[in-house]
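Shown here: query-v1.cif, mmCIF, C-alpha atoms and all ligand atoms.
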data_work
#
loop_
_atom_site.label_atom_id
_atom_site.label_comp_id
_atom_site.auth_asym_id
_atom_site.auth_seq_id
_atom_site.Cartn_x
_atom_site.Cartn_y
_atom_site.Cartn_z
CA MET A 1 -32.03 12.94 51.64
CA THR A 2 -29.32 12.71 49.01
CA VAL A 3 -29.63 15.50 46.46
CA THR A 4 -27.41 15.67 43.39
CA ARG A 5 -27.40 17.87 40.36
CA PHE A 6 -26.15 17.86 36.81
CA ALA A 7 -25.30 21.42 35.85
CA PRO A 8 -24.47 21.85 32.17
CA SER A 9 -24.16 25.28 30.61
CA PRO A 10 -26.52 25.38 27.63
CA THR A 11 -23.79 26.71 25.38
CA GLY A 12 -23.40 23.51 23.39
CA TYR A 13 -24.66 19.97 23.05
CA LEU A 14 -23.85 17.24 25.55
CA HIS A 15 -20.91 14.97 24.76
CA VAL A 16 -19.55 11.79 26.30
CA GLY A 17 -17.56 13.77 28.86
CA ASN A 18 -20.68 15.50 30.18
CA LEU A 19 -22.53 12.23 30.12
CA ARG A 20 -20.26 10.76 32.76
CA THR A 21 -21.08 13.62 35.09
CA ALA A 22 -24.80 13.38 34.40
CA LEU A 23 -24.85 9.63 34.83
CA PHE A 24 -22.88 9.57 38.08
CA ASN A 25 -25.10 12.20 39.68
CA PHE A 26 -28.25 10.51 38.44
CA MET A 27 -27.19 7.11 39.75
CA ILE A 28 -26.15 8.40 43.15
CA ALA A 29 -29.55 10.03 43.58
CA ARG A 30 -31.50 7.02 42.32
CA LYS A 31 -29.48 4.53 44.31
CA SER A 32 -30.34 6.29 47.54
CA GLY A 33 -33.91 7.23 46.67
CA GLY A 34 -32.82 10.87 46.57
CA LYS A 35 -33.45 13.77 44.24
CA PHE A 36 -31.72 14.57 40.96
CA ILE A 37 -31.76 18.16 39.74
CA LEU A 38 -31.08 19.27 36.18
CA ARG A 39 -29.60 22.71 36.64
CA LEU A 40 -29.01 24.86 33.60
CA ASP A 41 -26.07 27.15 34.23
CA ASP A 42 -27.27 29.85 31.89
CA THR A 43 -26.00 33.10 33.39
CA ASP A 44 -24.03 33.73 30.21
CA GLN A 45 -26.85 35.25 28.20
CA GLU A 46 -24.86 35.61 25.04
CA ARG A 47 -23.72 32.03 24.75
CA SER A 48 -26.68 30.23 26.32
CA LYS A 49 -29.25 29.16 23.76
CA GLN A 50 -32.70 27.57 24.01
CA GLU A 51 -31.66 25.23 21.20
CA TYR A 52 -29.02 23.77 23.53
CA VAL A 53 -31.44 23.56 26.47
CA ASP A 54 -33.77 21.52 24.25
CA GLY A 55 -30.86 19.45 22.97
CA ILE A 56 -29.62 18.67 26.48
CA GLN A 57 -33.07 17.59 27.62
CA ARG A 58 -33.63 15.50 24.52
CA ASP A 59 -30.29 13.70 24.99
CA LEU A 60 -31.02 12.95 28.64
CA GLU A 61 -34.51 11.74 27.79
CA TRP A 62 -33.12 9.49 25.08
CA LEU A 63 -30.85 7.92 27.66
CA GLY A 64 -33.56 7.58 30.29
CA ILE A 65 -31.73 9.92 32.67
CA GLU A 66 -34.80 11.49 34.22
CA TRP A 67 -34.53 14.55 36.39
CA ASP A 68 -36.88 15.41 39.24
CA VAL A 69 -36.74 19.14 38.73
CA VAL A 70 -35.18 21.66 36.32
CA GLU A 71 -33.64 24.85 37.61
CA ARG A 72 -32.31 27.74 35.55
CA GLN A 73 -29.72 30.07 36.97
CA SER A 74 -31.02 32.94 34.85
CA THR A 75 -34.17 32.99 37.01
CA ARG A 76 -32.20 33.26 40.27
CA LEU A 77 -30.12 36.39 39.75
CA ASP A 78 -31.68 38.06 42.82
CA ARG A 79 -30.33 35.21 44.97
CA TYR A 80 -26.81 35.74 43.63
CA GLU A 81 -27.11 39.49 44.19
CA ALA A 82 -28.11 38.85 47.82
CA ALA A 83 -25.06 36.63 48.30
CA ALA A 84 -22.80 39.21 46.65
CA GLN A 85 -24.18 41.86 48.97
CA LYS A 86 -23.41 39.69 51.97
CA LEU A 87 -19.85 39.17 50.76
CA ARG A 88 -19.44 42.94 50.47
CA GLU A 89 -20.77 43.40 54.00
CA ILE A 90 -18.31 40.95 55.48
CA GLU A 91 -15.53 42.50 53.38
CA ARG A 92 -14.70 39.37 51.42
CA PHE A 93 -15.53 41.00 48.09
CA TYR A 94 -13.54 43.68 46.30
CA GLU A 95 -13.83 45.59 43.08
CA CYS A 96 -11.05 45.40 40.50
CA PHE A 97 -10.47 47.36 37.34
CA GLU A 98 -7.72 45.58 35.45
CA THR A 99 -8.49 44.95 31.80
CA PRO A 100 -7.83 41.50 30.32
CA VAL A 101 -4.68 42.97 28.76
CA ASP A 102 -3.47 44.29 32.16
CA LEU A 103 -4.05 40.87 33.70
CA ASP A 104 -2.27 39.12 30.90
CA LEU A 105 0.78 41.38 31.29
CA LYS A 106 0.85 40.74 35.04
CA ARG A 107 0.70 37.01 34.46
CA LYS A 108 3.51 37.08 31.94
CA LYS A 109 5.69 39.13 34.27
CA GLN A 110 5.10 36.72 37.14
CA LEU A 111 5.88 33.74 34.95
CA ASN A 112 9.08 35.39 33.70
CA MET A 113 10.15 35.88 37.28
CA GLY A 114 9.41 32.22 37.98
CA LYS A 115 6.43 33.08 40.18
CA PRO A 116 3.02 31.41 40.03
CA PRO A 117 0.55 33.57 38.06
CA VAL A 118 -1.66 34.44 41.01
CA TYR A 119 -3.58 37.74 41.00
CA ASP A 120 -1.54 40.23 43.05
CA ARG A 121 -4.51 41.94 44.74
CA ALA A 122 -3.36 45.33 43.49
CA ALA A 123 -6.98 46.51 43.57
CA LEU A 124 -6.96 46.25 47.36
CA GLU A 125 -4.35 49.00 47.44
CA LEU A 126 -6.44 51.54 45.50
CA SER A 127 -7.43 54.68 47.38
CA PRO A 128 -11.10 55.71 47.26
CA ALA A 129 -10.17 58.51 44.84
CA GLU A 130 -8.29 56.16 42.52
CA ARG A 131 -11.19 53.76 42.62
CA ASP A 132 -13.66 56.50 41.70
CA ALA A 133 -11.47 57.61 38.83
CA LEU A 134 -11.25 54.05 37.48
CA ARG A 135 -14.97 53.51 37.95
CA ALA A 136 -15.66 56.56 35.79
CA GLU A 137 -13.58 54.96 33.05
CA ARG A 138 -14.84 51.39 33.06
CA ALA A 139 -17.02 48.94 34.92
CA GLY A 140 -15.29 47.02 37.68
CA HIS A 141 -15.39 43.29 38.26
CA TRP A 142 -15.60 41.68 41.68
CA ARG A 143 -13.28 39.19 43.29
CA PHE A 144 -13.74 37.06 46.37
CA LEU A 145 -10.98 37.61 48.93
CA LEU A 146 -9.61 34.19 49.74
CA ASN A 147 -8.22 33.48 53.18
CA GLN A 148 -4.73 32.34 52.38
CA THR A 149 -4.93 29.15 54.37
CA ARG A 150 -5.01 25.54 53.25
CA ILE A 151 -8.37 24.29 52.04
CA ASN A 152 -8.98 20.64 52.83
CA TRP A 153 -11.65 18.14 51.97
CA THR A 154 -12.05 14.42 51.60
CA ASP A 155 -13.01 13.79 48.01
CA GLN A 156 -15.07 10.68 47.40
CA ILE A 157 -12.93 9.75 44.43
CA LEU A 158 -9.62 11.58 44.88
CA GLY A 159 -9.29 11.03 48.63
CA ASP A 160 -7.83 13.69 50.92
CA ILE A 161 -7.19 16.96 49.09
CA SER A 162 -5.36 19.96 50.45
CA ILE A 163 -4.96 23.12 48.41
CA ASP A 164 -2.99 26.18 49.45
CA ALA A 165 -5.32 29.11 48.83
CA ALA A 166 -2.28 31.35 48.42
CA SER A 167 -1.53 29.52 45.18
CA VAL A 168 -4.93 30.39 43.74
CA SER A 169 -6.10 33.76 42.39
CA ASP A 170 -9.02 35.39 44.15
CA PRO A 171 -11.86 34.22 41.93
CA VAL A 172 -13.85 36.74 39.91
CA LEU A 173 -17.52 36.27 40.85
CA ILE A 174 -19.09 39.18 38.97
CA ARG A 175 -17.85 40.34 35.60
CA GLY A 176 -17.55 43.96 34.50
CA ASP A 177 -20.83 43.68 32.60
CA GLY A 178 -22.59 42.55 35.78
CA GLN A 179 -22.80 38.88 34.84
CA PHE A 180 -22.63 36.55 37.84
CA LEU A 181 -20.10 33.87 37.26
CA TYR A 182 -20.68 30.21 37.81
CA THR A 183 -18.45 30.00 40.91
CA LEU A 184 -20.80 32.17 42.96
CA ALA A 185 -24.05 31.06 41.34
CA SER A 186 -23.18 27.44 41.93
CA VAL A 187 -22.39 27.99 45.60
CA VAL A 188 -25.72 29.73 46.16
CA ASP A 189 -27.67 27.09 44.23
CA ASP A 190 -25.96 24.10 45.74
CA THR A 191 -26.72 25.46 49.18
CA GLU A 192 -30.25 26.72 48.64
CA MET A 193 -31.26 23.64 46.67
CA GLY A 194 -29.98 21.36 49.40
CA VAL A 195 -27.42 19.61 47.20
CA THR A 196 -25.64 17.01 49.34
CA HIS A 197 -23.20 15.60 46.77
CA VAL A 198 -21.40 17.59 44.08
CA VAL A 199 -19.92 15.23 41.53
CA ARG A 200 -18.12 16.74 38.57
CA GLY A 201 -14.97 16.52 36.49
CA SER A 202 -11.53 16.91 38.02
CA ASP A 203 -11.10 20.14 36.03
CA HIS A 204 -13.18 21.65 38.84
CA VAL A 205 -10.87 20.78 41.75
CA THR A 206 -9.54 24.34 42.13
CA ASN A 207 -13.08 25.71 41.85
CA THR A 208 -14.07 23.43 44.66
CA ALA A 209 -11.36 24.85 46.89
CA THR A 210 -12.55 28.41 46.35
CA GLN A 211 -16.20 27.42 46.57
CA ILE A 212 -15.60 25.79 49.95
CA GLN A 213 -14.26 29.10 51.25
CA ILE A 214 -17.12 31.08 49.72
CA MET A 215 -19.60 28.70 51.34
CA GLU A 216 -17.89 29.03 54.70
CA SER A 217 -17.81 32.81 54.47
CA LEU A 218 -21.55 32.86 53.75
CA GLY A 219 -22.19 30.53 56.69
CA PHE A 220 -23.12 27.53 54.52
CA ASP A 221 -22.07 23.93 55.08
CA ALA A 222 -20.06 22.44 52.23
CA PRO A 223 -21.54 19.38 50.53
CA THR A 224 -19.62 16.18 49.84
CA PHE A 225 -17.44 16.50 46.75
CA ALA A 226 -16.28 13.92 44.24
CA HIS A 227 -14.22 14.69 41.15
CA HIS A 228 -14.15 12.07 38.45
CA SER A 229 -11.25 11.79 36.05
CA LEU A 230 -11.45 13.34 32.61
CA LEU A 231 -11.70 11.26 29.47
CA THR A 232 -8.81 11.01 27.05
CA GLY A 233 -8.67 9.50 23.59
CA PRO A 234 -7.63 5.86 23.12
CA GLN A 235 -3.90 6.75 23.13
CA GLY A 236 -4.23 8.96 26.20
CA GLU A 237 -4.42 12.13 24.10
CA ALA A 238 -6.53 15.05 25.32
CA LEU A 239 -10.09 14.68 24.21
CA SER A 240 -11.18 18.26 24.81
CA LYS A 241 -10.83 19.30 21.17
CA ARG A 242 -12.56 16.22 19.85
CA LEU A 243 -15.45 16.28 22.30
CA GLY A 244 -17.47 18.26 19.78
CA THR A 245 -17.40 15.21 17.54
CA LEU A 246 -18.48 12.98 20.40
CA ALA A 247 -21.81 14.68 20.95
CA LEU A 248 -24.54 12.40 22.25
CA ARG A 249 -26.84 13.41 19.41
CA ASP A 250 -24.22 12.21 16.91
CA LEU A 251 -23.83 8.90 18.71
CA ARG A 252 -27.61 8.51 18.64
CA GLU A 253 -27.58 9.15 14.91
CA GLN A 254 -24.84 6.60 14.44
CA GLY A 255 -27.11 4.04 16.05
CA VAL A 256 -25.51 3.66 19.49
CA GLU A 257 -28.14 2.23 21.85
CA PRO A 258 -28.82 4.11 25.10
CA LEU A 259 -28.29 1.19 27.46
CA ALA A 260 -25.13 0.14 25.65
CA LEU A 261 -23.72 3.64 26.01
CA LEU A 262 -24.78 3.87 29.65
CA SER A 263 -23.37 0.43 30.47
CA HIS A 264 -20.05 1.46 29.00
CA MET A 265 -19.90 4.84 30.71
CA ALA A 266 -21.08 3.53 34.09
CA ARG A 267 -17.99 1.31 34.38
CA LEU A 268 -15.29 2.93 32.25
CA GLY A 269 -12.51 4.10 34.55
CA SER A 270 -13.68 1.97 37.46
CA SER A 271 -12.14 -1.16 38.89
CA GLU A 272 -15.14 -3.15 37.61
CA ASN A 273 -15.31 -4.57 34.10
CA VAL A 274 -17.70 -3.05 31.61
CA GLU A 275 -20.77 -5.21 31.69
CA LEU A 276 -23.80 -4.93 29.44
CA MET A 277 -26.80 -4.10 31.62
CA HIS A 278 -30.30 -4.66 30.39
CA SER A 279 -32.15 -2.13 32.47
CA MET A 280 -31.55 1.16 34.16
CA GLN A 281 -32.27 -0.50 37.49
CA ASP A 282 -29.46 -3.02 36.94
CA LEU A 283 -27.14 -0.16 36.12
CA ILE A 284 -28.10 1.71 39.25
CA ASP A 285 -27.76 -1.39 41.43
CA GLY A 286 -24.32 -2.10 40.00
CA PHE A 287 -23.00 1.44 40.34
CA ASP A 288 -20.35 2.23 42.93
CA LEU A 289 -18.76 5.68 42.94
CA THR A 290 -15.88 4.50 45.09
CA SER A 291 -14.77 2.01 42.42
CA PHE A 292 -13.61 4.88 40.18
CA GLY A 293 -9.98 5.89 40.05
CA ALA A 294 -8.30 9.26 39.72
CA ALA A 295 -6.28 8.43 36.60
CA PRO A 296 -7.46 9.82 33.25
CA THR A 297 -9.88 7.44 31.60
CA LYS A 298 -9.30 6.27 28.04
CA PHE A 299 -12.35 6.42 25.84
CA ASP A 300 -12.63 4.93 22.38
CA VAL A 301 -15.84 5.61 20.53
CA ALA A 302 -15.30 2.37 18.59
CA ASP A 303 -16.01 0.43 21.81
CA LEU A 304 -19.62 1.59 21.74
CA PHE A 305 -20.47 -0.44 18.66
CA PRO A 306 -19.73 -4.00 19.76
CA ILE A 307 -21.67 -3.42 22.97
CA THR A 308 -24.54 -1.95 20.97
CA GLY A 309 -24.50 -5.10 18.84
CA ARG A 310 -24.59 -7.28 21.94
CA TYR A 311 -27.40 -5.23 23.38
CA LEU A 312 -29.45 -5.57 20.21
CA ALA A 313 -28.75 -9.28 19.86
CA ALA A 314 -30.38 -9.77 23.24
CA GLN A 315 -33.55 -7.82 22.44
CA GLU A 316 -36.98 -9.36 21.98
CA TYR A 317 -38.85 -8.47 18.82
CA ALA A 318 -41.14 -6.07 20.70
CA ALA A 319 -38.18 -3.83 21.48
CA VAL A 320 -37.34 -3.33 17.82
CA SER A 321 -40.66 -3.90 16.04
CA ASP A 322 -41.12 -0.17 15.37
CA SER A 323 -37.75 0.12 13.66
CA ILE A 324 -38.53 -2.99 11.62
CA ALA A 325 -42.01 -1.85 10.63
CA ALA A 326 -40.55 1.53 9.60
CA LEU A 327 -38.48 -0.28 6.97
CA GLY A 328 -41.62 -1.60 5.35
CA VAL A 329 -41.17 -5.18 6.54
CA PRO A 330 -44.65 -6.77 6.32
CA ALA A 331 -46.17 -7.35 9.76
CA ASP A 332 -46.35 -11.14 9.30
CA LYS A 333 -42.63 -11.32 8.49
CA GLY A 334 -41.30 -8.87 11.10
CA GLU A 335 -40.71 -11.30 13.93
CA ALA A 336 -39.14 -13.99 11.73
CA PHE A 337 -36.93 -11.33 10.18
CA TRP A 338 -35.75 -10.19 13.61
CA GLU A 339 -35.20 -13.71 14.92
CA THR A 340 -33.11 -14.41 11.84
CA ILE A 341 -30.84 -11.38 11.72
CA HIS A 342 -30.64 -10.12 15.30
CA GLY A 343 -27.25 -11.69 15.91
CA ASN A 344 -25.79 -10.15 12.78
CA ILE A 345 -26.25 -6.45 13.30
CA THR A 346 -24.19 -3.82 15.04
CA THR A 347 -26.76 -1.03 15.06
CA ARG A 348 -30.38 -0.67 13.99
CA HIS A 349 -29.12 0.93 10.78
CA ASP A 350 -27.99 -2.53 9.69
CA LEU A 351 -31.61 -3.69 9.70
CA ALA A 352 -32.13 -1.80 6.46
CA ASP A 353 -29.31 -3.68 4.70
CA TRP A 354 -30.63 -7.07 5.75
CA TRP A 355 -34.14 -6.16 4.75
CA ALA A 356 -32.94 -4.90 1.36
CA LEU A 357 -31.19 -8.23 0.90
CA CYS A 358 -34.39 -10.15 1.73
CA ARG A 359 -36.60 -7.94 -0.41
CA ASP A 360 -34.39 -7.44 -3.44
CA GLY A 361 -31.97 -10.35 -3.30
CA ALA A 362 -28.19 -10.08 -3.26
CA GLU A 363 -25.74 -10.05 -6.11
CA PRO A 364 -24.46 -13.62 -6.06
CA VAL A 365 -20.80 -14.23 -5.38
CA ILE A 366 -19.74 -17.38 -7.20
CA ALA A 367 -16.15 -18.58 -7.63
CA ASP A 368 -15.30 -19.97 -11.08
CA GLU A 369 -14.81 -23.46 -9.72
CA ASP A 370 -18.29 -23.35 -8.16
CA ARG A 371 -20.24 -22.30 -11.25
CA GLU A 372 -21.41 -25.73 -12.23
CA PHE A 373 -22.12 -26.68 -8.67
CA ILE A 374 -24.29 -23.59 -8.11
CA ALA A 375 -26.14 -24.13 -11.38
CA ALA A 376 -26.91 -27.70 -10.35
CA ALA A 377 -27.96 -26.58 -6.87
CA MET A 378 -30.24 -23.84 -8.17
CA ALA A 379 -31.97 -26.31 -10.44
CA LEU A 380 -32.82 -28.34 -7.34
CA LEU A 381 -34.14 -25.41 -5.29
CA PRO A 382 -37.90 -25.76 -4.92
CA ASP A 383 -40.05 -22.77 -5.81
CA ALA A 384 -41.09 -20.37 -3.07
CA PRO A 385 -42.67 -20.26 -0.56
CA HIS A 386 -39.85 -21.73 1.42
CA THR A 387 -40.13 -22.88 5.00
CA ASP A 388 -37.62 -23.46 7.79
CA ALA A 389 -37.33 -27.03 6.49
CA THR A 390 -36.49 -26.08 2.90
CA TRP A 391 -32.78 -25.42 3.46
CA GLY A 392 -32.18 -28.82 5.05
CA GLU A 393 -34.15 -30.69 2.39
CA TRP A 394 -32.58 -28.73 -0.43
CA THR A 395 -28.96 -29.05 0.74
CA GLY A 396 -29.60 -32.77 1.34
CA ALA A 397 -30.67 -33.12 -2.26
CA VAL A 398 -27.71 -31.02 -3.48
CA LYS A 399 -25.33 -33.17 -1.48
CA ALA A 400 -26.77 -36.33 -2.94
CA ALA A 401 -26.58 -34.94 -6.47
CA THR A 402 -23.10 -33.37 -6.31
CA GLY A 403 -21.29 -35.34 -3.65
CA ARG A 404 -20.25 -32.11 -1.90
CA LYS A 405 -20.46 -31.83 1.86
CA GLY A 406 -19.58 -29.59 4.81
CA LYS A 407 -18.07 -26.23 4.06
CA GLY A 408 -17.65 -27.01 0.37
CA LEU A 409 -21.38 -27.53 0.17
CA PHE A 410 -22.72 -24.75 2.37
CA GLN A 411 -20.30 -21.88 1.86
CA PRO A 412 -20.77 -21.48 -1.94
CA LEU A 413 -24.52 -21.63 -1.44
CA ARG A 414 -24.42 -18.88 1.20
CA ARG A 415 -22.27 -16.72 -1.10
CA ALA A 416 -24.56 -17.31 -4.04
CA LEU A 417 -27.68 -16.43 -2.07
CA THR A 418 -26.41 -13.57 0.10
CA GLY A 419 -23.22 -12.36 -1.57
CA GLN A 420 -21.53 -12.69 1.82
CA ASP A 421 -19.21 -15.12 3.59
CA ALA A 422 -21.03 -15.03 6.89
CA GLY A 423 -24.42 -14.15 8.25
CA PRO A 424 -27.58 -15.53 9.77
CA VAL A 425 -28.52 -19.19 9.88
CA MET A 426 -29.37 -20.03 6.26
CA ALA A 427 -32.32 -22.26 7.15
CA LYS A 428 -33.99 -19.20 8.67
CA LEU A 429 -32.86 -16.72 6.07
CA LEU A 430 -33.95 -18.70 3.02
CA PRO A 431 -37.70 -18.37 3.68
CA LEU A 432 -37.26 -14.60 3.94
CA LEU A 433 -35.49 -14.22 0.60
CA GLN A 434 -38.07 -12.85 -1.77
CA VAL A 435 -35.68 -12.75 -4.69
CA ILE A 436 -32.88 -15.21 -5.37
CA LYS A 437 -30.78 -13.70 -8.12
CA ALA A 438 -28.56 -16.76 -8.42
CA LYS A 439 -31.58 -18.68 -9.59
CA GLY A 440 -31.54 -16.55 -12.71
N1 LIG B 1 -21.72 24.59 34.50
C1 LIG B 1 -20.57 23.97 35.07
C2 LIG B 1 -19.87 23.15 34.01
O1 LIG B 1 -20.52 22.75 33.06
C3 LIG B 1 -20.99 23.10 36.21
C4 LIG B 1 -19.90 22.53 37.02
C5 LIG B 1 -20.44 21.94 38.29
O2 LIG B 1 -20.93 20.82 38.22
O3 LIG B 1 -20.43 22.59 39.30
O4 LIG B 1 -18.68 22.97 34.05
#

Just dump the structure as C-alpha cells.
Amino acid sequence: MTVTRFAPSPTGYLHVGNLRTALFNFMIARKSGGKFILRLDDTDQERSKQEYVDGIQRDLEWLGIEWDVVERQSTRLDRYEAAAQKLREIERFYECFETPVDLDLKRKKQLNMGKPPVYDRAALELSPAERDALRAERAGHWRFLLNQTRINWTDQILGDISIDAASVSDPVLIRGDGQFLYTLASVVDDTEMGVTHVVRGSDHVTNTATQIQIMESLGFDAPTFAHHSLLTGPQGEALSKRLGTLALRDLREQGVEPLALLSHMARLGSSENVELMHSMQDLIDGFDLTSFGAAPTKFDVADLFPITGRYLAAQEYAAVSDSIAALGVPADKGEAFWETIHGNITTRHDLADWWALCRDGAEPVIADEDREFIAAAMALLPDAPHTDATWGEWTGAVKAATGRKGKGLFQPLRRALTGQDAGPVMAKLLPLLQVIKAKG
C-alpha cells in the first residue's frame, strides 16, 4: 500500500510552499487508495506551539486535505533513542564538542583556503581523556559517520541523483541539549510508519542523501523519493522571505476559495495547464507527479483571484447560500441575488458590495450631456416592485420617448442606477434594487 506523509514543523503557519508538499503527498495517497499521514515534526520543544498545530490542521481542513492519522514526533522520543543506540553500537555515531563559534571558524578557514566547508571530523581524533575533559565542560552533540561513497537514487521528479558523501558534513542527529534532530527522527518515522513515498521540497535533497545512508546503516529499506521545485516570486526572486505573507490563513481571509487554490497549486510547475477543477476527486484524477519539472516554479498570488472568481461564477446557489444569508439578504431574494451577481465577483467578500448596492442604492453617475435624458428616463420608470420584464419594457419606452438606442441608451442608465460602467445583466439587477437614488 502506498503511504505518504506531510511533515510540517508546528513552528509557524502553513504557507503556499508547504501547501504544495501537503497536496502532492495527499494526492499520491488518494490516487492509489493508500494512506496519508499528517506528521507533526515537533521535537523542537521551544519553537513548536499548539497554536500552530491547530492552525495547520485548520488550514488543511479548510482545503479538504484530510489525513488518515496524525503522528507527533514528541511522543516517539524512545524510538529515536533506540535508533541512536543502535548507531552507537555499530560505530556510526560519534560525539562532538565544538561550539557554534568553533564550527563557524572552521568553516571560514576552509572557505578561505578554497575548500568546501565540510566538517573535518576532528572529534574522531579525540583521546578518551580529552573527550572526558570536554564532556565535563559542556554537553556533546552527536554526528552520524557517513560512508564517503556516492549516494545514488532515482528521484521521481529530479531523475537520477548522485551525491558524493565526502562533500557533505556528517549530520548532527542529537543536539547538545539532547534534542533529536529531524534527520534521525524522520528516518525512524518513515521506516516504522511504512512510508513508501517521501515527497518534499528540493531543499531536502542533501538530507535525503544522508538519510539514505542512515536508513541503510540501520538495516531499513529506503522509500521512493521525489523532490519538487521550490516556489519563487513572479520575477523568479526567492520567496522564502515573503512566505510569511503567503500564509494559507491569510489567503483564506482574502477570500481565496479552496478548490481554486488547490487547482492552481496542483498544476503550477507541471507540463499541464492550470485547469479549474470542481471537486477534489477531479483534482486527484488529474494529478500526475511525473508531469512536474525540476526548475523553480514562479508563483504569483494575484493569479489566485481570477481563478477564485471563475470558481465562484460556476457555483450553484446552495454552495454560497450561507454567505449570502449572513449578509442579511432576505431568504426569498437570495437565489435571485446570486443568479444576478455571480459572474461579477472575484471573492465572496464582493457579495457584500453588491448587496449594499441593492439594499441602499448607488450614487448615480450621470454625465452632463445625459442629465436631461436620465431625468426623462426616471420619469418613465414604473414604481416598484419590478420584475425581470421591467427593464425591457422601461428601456423600450425610454427609447421611444428619447430616440436613443444601443449603448447610448443603456450605458447612461446603468451608470445612473449602479454608479458603475459594467456589471450584472440590468434586467435581473433592476428588480433587486430596493433604492434607486437617481429617481430622486
Ligand atoms: N519537518 C520537515 C520540514 O518541514 C519535514 C521534511 C520532510 O518532509 O521530510 O522541512

Residue contacts of Asp285 of chain A (9 Å, all atoms listed in the file) excluding same-chain residues fewer than 5 positions away, as a list of chain:residue names |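 Result of the neighbour search: A:Met27, A:Lys31, A:Met280.
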
Expressed in Å to a single decimal, how great is the separation between atom CA of Leu146 of chain A and atom CA of Asp170 of chain A?
->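 That distance, rounded to one decimal, is 5.7 Å.
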
May I ask you to write as JSON, numbers by chain all residues lying at most 8 Å from ligand LIG 1 (chain B), with only C-alpha atoms and all ligand atoms counted?
-> {"A": [5, 6, 7, 8, 9, 18, 21, 40, 41, 182, 183, 186, 198, 199, 200, 201, 204]}

Neighbour list for Trp142 of chain A as a VMD selection string, cut-off 7 Å, all atoms listed in the file, skip fewer than 6 positions in-chain | chain A and resid 93 to 96 172 to 175

What is the atom CA of Gly140 of chain A-atom CA of Gly176 of chain A distance in Å, reported with one decimal?
->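 Going from atom CA of Gly140 of chain A over to atom CA of Gly176 of chain A, I get 5.0 Å.
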
Report the distance between atom CA of Ala438 of chain A and atom CA of Glu335 of chain A in Å, rounded to one decimal place.
-> 26.0 Å

Best match for closeness to Leu63 of chain A among A:Arg138, A:Arg249, A:Lys109, A:Arg121, counting only C-alpha atoms |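 Of A:Arg138, A:Arg249, A:Lys109, A:Arg121, the one nearest Leu63 of chain A is A:Arg249, counting only C-alpha atoms.
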
Go through A:Pro385, A:Gly440, A:Gly343, A:Gly114 and flag the residue nearest Gly361 of chain A, using only C-alpha atoms for the distances.
->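 Among A:Pro385, A:Gly440, A:Gly343, A:Gly114, it is A:Gly440 that comes nearest to Gly361 of chain A.
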
What are the closest atom pairs, with distances in Å to one decimal, for each residue of segment 178-252 of chain A lying within 8 Å of segment 42-51 of chain A, using all atoms listed in the file, rows by chain and rising residue number, as a Markdown table?
| residue | atom | partner | partner_atom | distance |
| --- | --- | --- | --- | --- |
| A:Gln179 | CA | A:Thr43 | CA | 6.8 |
| A:Phe180 | CA | A:Thr43 | CA | 6.6 |
| A:Leu181 | CA | A:Thr43 | CA | 7.1 |
| A:Tyr182 | CA | A:Thr43 | CA | 7.5 |

Minimum-distance residue to Lys298 of chain A, chosen among A:Met113, A:Leu327, A:Leu351, A:Ala238 (using only C-alpha atoms) =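 Of A:Met113, A:Leu327, A:Leu351, A:Ala238, the one nearest Lys298 of chain A, counting only C-alpha atoms, is A:Ala238.
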